[in-house]
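What follows is a single structure, written as structure tokens, with notes after it.
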Amino acid sequence: MATVLHGVGAATALSASKSIDSRKFQLPSRRSLSERKGSFLVVRSDGRMVQGSRALRAEKLITNAVATKADTSAASTASKPGHELLLFEALREGLEEEMDRDPHVCVMGEDVGHYGGSYKVTRGLADKYGDLRVLDTPIAENSFTGMGIGAAMTGLRPIVEGMNMGFLLLAFNQISNNCGMLHYTSGGQFKIPIVIRGPGGVGRQLGAEHSQRLESYFQSIPGIQMVACSTPYNAKGLMKAAIRSENPVILFEHVLLYNLKERIPDEEYICSLEEAEMVRPGEHVTILTYSRMRYHVMQAAKTLVNKGYDPEVIDIRSLKPFDLYTIGNSVKKTHRVLIVEECMRTGGIGASLTNAINENFHDYLDAPVICLSSQDVPTPYAGTLEEWTVVQPAQIVTAVEKLCQ
């Protein structure tokens with residue numbers, strides 16, 4: 001595959017050392033882009049290369065999607081700039097834009113082709129780009145992850161989809177010993193611009209093996225960046241930034257967030273892979289969270305405001321490295337920190353973040369850092385028991401009250 005695709009055009013190299021500010025990086029709108037004459041490359045399975053139209057297809061939205069913010073009326077929604085997408089559609093739009101822009105971008109994984117992926121993130125891409133740029137693989141995570149790493153070494157920019165993040169444990173050797181370390185062990189001869197992405201998390205009664213949170217497994221691998229999306233806006237922006245990065249990036253998606261709906265800009269944008277997002281400014285306590293727990297925290301924040309507290313909520317987004325600039329400024333202001341995560345308590349992201357805060361901002365703390373994490377137990381299948389294993393809004397309220405005493 002690498003041999004066939006390596007000869008397909010040339011891509012503009014991007015600097016890996018500098019973060020991209022999404023607010024400063026504004027490109028022409030989708031409307032103006034779609035009006036331009038141009039073409040992208042479609043590679044068929046028999047090796048034939050044909051040109052395809054750049055016209056973007058309108059996708060019908062799912063009507064019963066969960067909205068991130070309640071719209072007051074249909075008229076107000078229609079008057080807002082931008083376009084509405086579900087989170088999985090935002091991921092697809094970012095992926096599609098990058099495949100249009102760079103012929104070196106390709107996708108591989110189980111059922112990513114004509115089936116469209118287990119959560120439909122890649123739906124329609126095989127028909128548009130051909131089944132060598134959107135490659136269905138056997139059920140062999142170790143093999144196709146290694147193939148993706150090898151393709152990245154030759155100059156391609158593969159996106160490897162794990163049907164479930166738990167399955168990527170089968171590819172842990174490739175991700176650890178090759179993906180993260182080859183740039184160093186080759187003396188800088190090879191870059192590994194690969195994106196590894198897929199769904200994970202608790203909440204759909206998928207049982208212990210399919211409810212894994214693997215952030216803690218991968219955070220100790222040198223040379224890998226990790227990000228977690230939580231809204232359609234940052235899902236698209238992080239996807240595009242991850243594809244353009246010269247470093248290997250693992251993008252964590254949550255199964256319960258795919259149907260979140262949000263209006264995102266028509267203009268092209270990119271989110272920095274190393275910046276946290278200020279969700280709610282506040283004065284009394286800093287609450288650090290990411291992924292699905294962002295919504296548990298915001299639900300708790302409503303109760304806290306009614307009780308007279310003013311919490312500052314930060315979605316850290318970048319799980320490795322941490323954005324200690326944004327986090328530190330918040331700690332210096334509030335002097336109290338609560339971390340809320342869905343990861344396991346032992347050795348989780350929260351444990352690493354607690355250590356980083358204590359090392360860098362200990363003198364600014366008026367109380368010990370509190371970390372709320374999932375229990376160190378296999379995730380039960382029963383829905384009621386499943387809820388008990390993860391942090392709930394009432395626990396967040398109690399923890400803030402304790403911190404602010």
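Just remember, in the structure tokens the first chain shown is A, the second B, etc., residues are 1-based per chain, and ligands are 1-based in the order shown.
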
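Near A:Met239, within 9 Å and counting only C-alpha atoms, sit A:Leu91, A:Arg92, A:Gly94, A:Leu95, A:Val195, A:Cys229, A:Asn234, A:Ala235, A:Lys236, A:Ala242, A:Ile243, A:Arg244, A:Leu251, A:Ile270, A:Cys271; same-chain residues fewer than 3 positions away were not included.
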
Next on the checklist: Taking only C-alpha atoms into account, name the residue in A:Tyr309, A:Tyr364, A:Tyr129, A:Tyr258 that is nearest to A:Pro199.
Outcome noted: A:Tyr258

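Interatomic distance, atom CA of A:Cys343 against atom CA of A:Arg213: 5.6 Å.
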
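If you measure from each of A:Glu246, A:Glu268, A:Glu341, A:Glu359 to A:Ile194 using only C-alpha atoms, the closest one turns out to be A:Glu246.
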
Next on the checklist: What's around A:Ser220 at 12 Å? Count only C-alpha atoms, leave out sequence neighbours fewer than 4 positions away in its own chain, and write the answer as number ranges by chain.
Outcome noted: A: 175-177, 180-181, 214-216, 224-226, 319-321, 347-349, 352

Checklist entry - as a ChimeraX atom specification, which residues of stretch 75-311 of chain A does DSSP assign to alpha helix (DSSP H)? => result /A:75-79,87-101,125-129,141-153,172-173,182-185,215-218,232-244,293-306

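Distance check against A:Lys240 using only C-alpha atoms: of A:Val377, A:Ile339, A:Thr286, A:Ser272, the minimum falls on A:Ser272.
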
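Residue nearest A:Val202, chosen from A:Leu125, A:Ile159, A:Ala151, A:Leu257 and counting only C-alpha atoms: A:Leu257.
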
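For A:Thr326, the list of residues within 10 Å, based on only C-alpha atoms and with local chain neighbours fewer than 2 positions off taken out, reads A:Glu275, A:Ala276, A:Glu277, A:Met278, A:Ile314, A:Ile316, A:Phe322, A:Asp323, A:Leu324, A:Gly328, A:Asn329, A:Ser330, A:Val331.
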
Can I get the selected residues back with N, CA and C atoms, as a short mmCIF file (atom, residue, chain, number, x, y, z; two decimals), in the first residue's frame?
data_model
loop_
_atom_site.label_atom_id
_atom_site.label_comp_id
_atom_site.auth_asym_id
_atom_site.auth_seq_id
_atom_site.Cartn_x
_atom_site.Cartn_y
_atom_site.Cartn_z
N GLU A 275 -3.22 22.89 23.94
CA GLU A 275 -3.90 23.94 24.69
C GLU A 275 -5.18 23.42 25.33
N ALA A 276 -5.39 23.80 26.58
CA ALA A 276 -6.65 23.51 27.27
C ALA A 276 -7.70 24.54 26.85
N GLU A 277 -8.95 24.23 27.16
CA GLU A 277 -10.06 25.14 26.83
C GLU A 277 -10.71 25.64 28.10
N MET A 278 -10.82 26.96 28.22
CA MET A 278 -11.54 27.56 29.34
C MET A 278 -13.03 27.46 29.06
N ILE A 314 -12.17 23.96 33.37
CA ILE A 314 -11.21 23.87 32.26
C ILE A 314 -11.25 22.47 31.69
N ILE A 316 -9.13 20.10 29.82
CA ILE A 316 -7.69 20.09 29.56
C ILE A 316 -7.37 19.66 28.13
N PHE A 322 0.42 18.28 29.27
CA PHE A 322 -0.58 19.14 29.90
C PHE A 322 -0.28 20.60 29.57
N ASP A 323 -1.35 21.38 29.46
CA ASP A 323 -1.20 22.83 29.24
C ASP A 323 -1.05 23.48 30.62
N LEU A 324 0.17 23.45 31.15
CA LEU A 324 0.41 23.96 32.50
C LEU A 324 0.33 25.48 32.55
N GLY A 328 -1.93 26.59 35.35
CA GLY A 328 -1.23 27.35 36.38
C GLY A 328 -1.86 28.70 36.66
N ASN A 329 -2.25 29.42 35.61
CA ASN A 329 -2.90 30.71 35.81
C ASN A 329 -4.20 30.57 36.59
N SER A 330 -4.91 29.48 36.35
CA SER A 330 -6.16 29.26 37.08
C SER A 330 -5.89 28.93 38.55
N VAL A 331 -4.88 28.09 38.79
CA VAL A 331 -4.53 27.74 40.17
C VAL A 331 -4.10 28.97 40.95
#

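Of the residues under consideration (A:Asp376, A:Gly150, A:Gly117, A:Gly308), A:Asp376 shows the shortest atom-to-atom contact distance to A:Thr346 when counting only C-alpha atoms.
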
Next on the checklist: If you run DSSP on the backbone here, which positions in stretch 164-310 of chain A get strand (DSSP E or B)? Please write them as a ChimeraX atom specification.
Outcome noted: /A:195-200,225-228,249-254,260-264,267,277-280,285-289
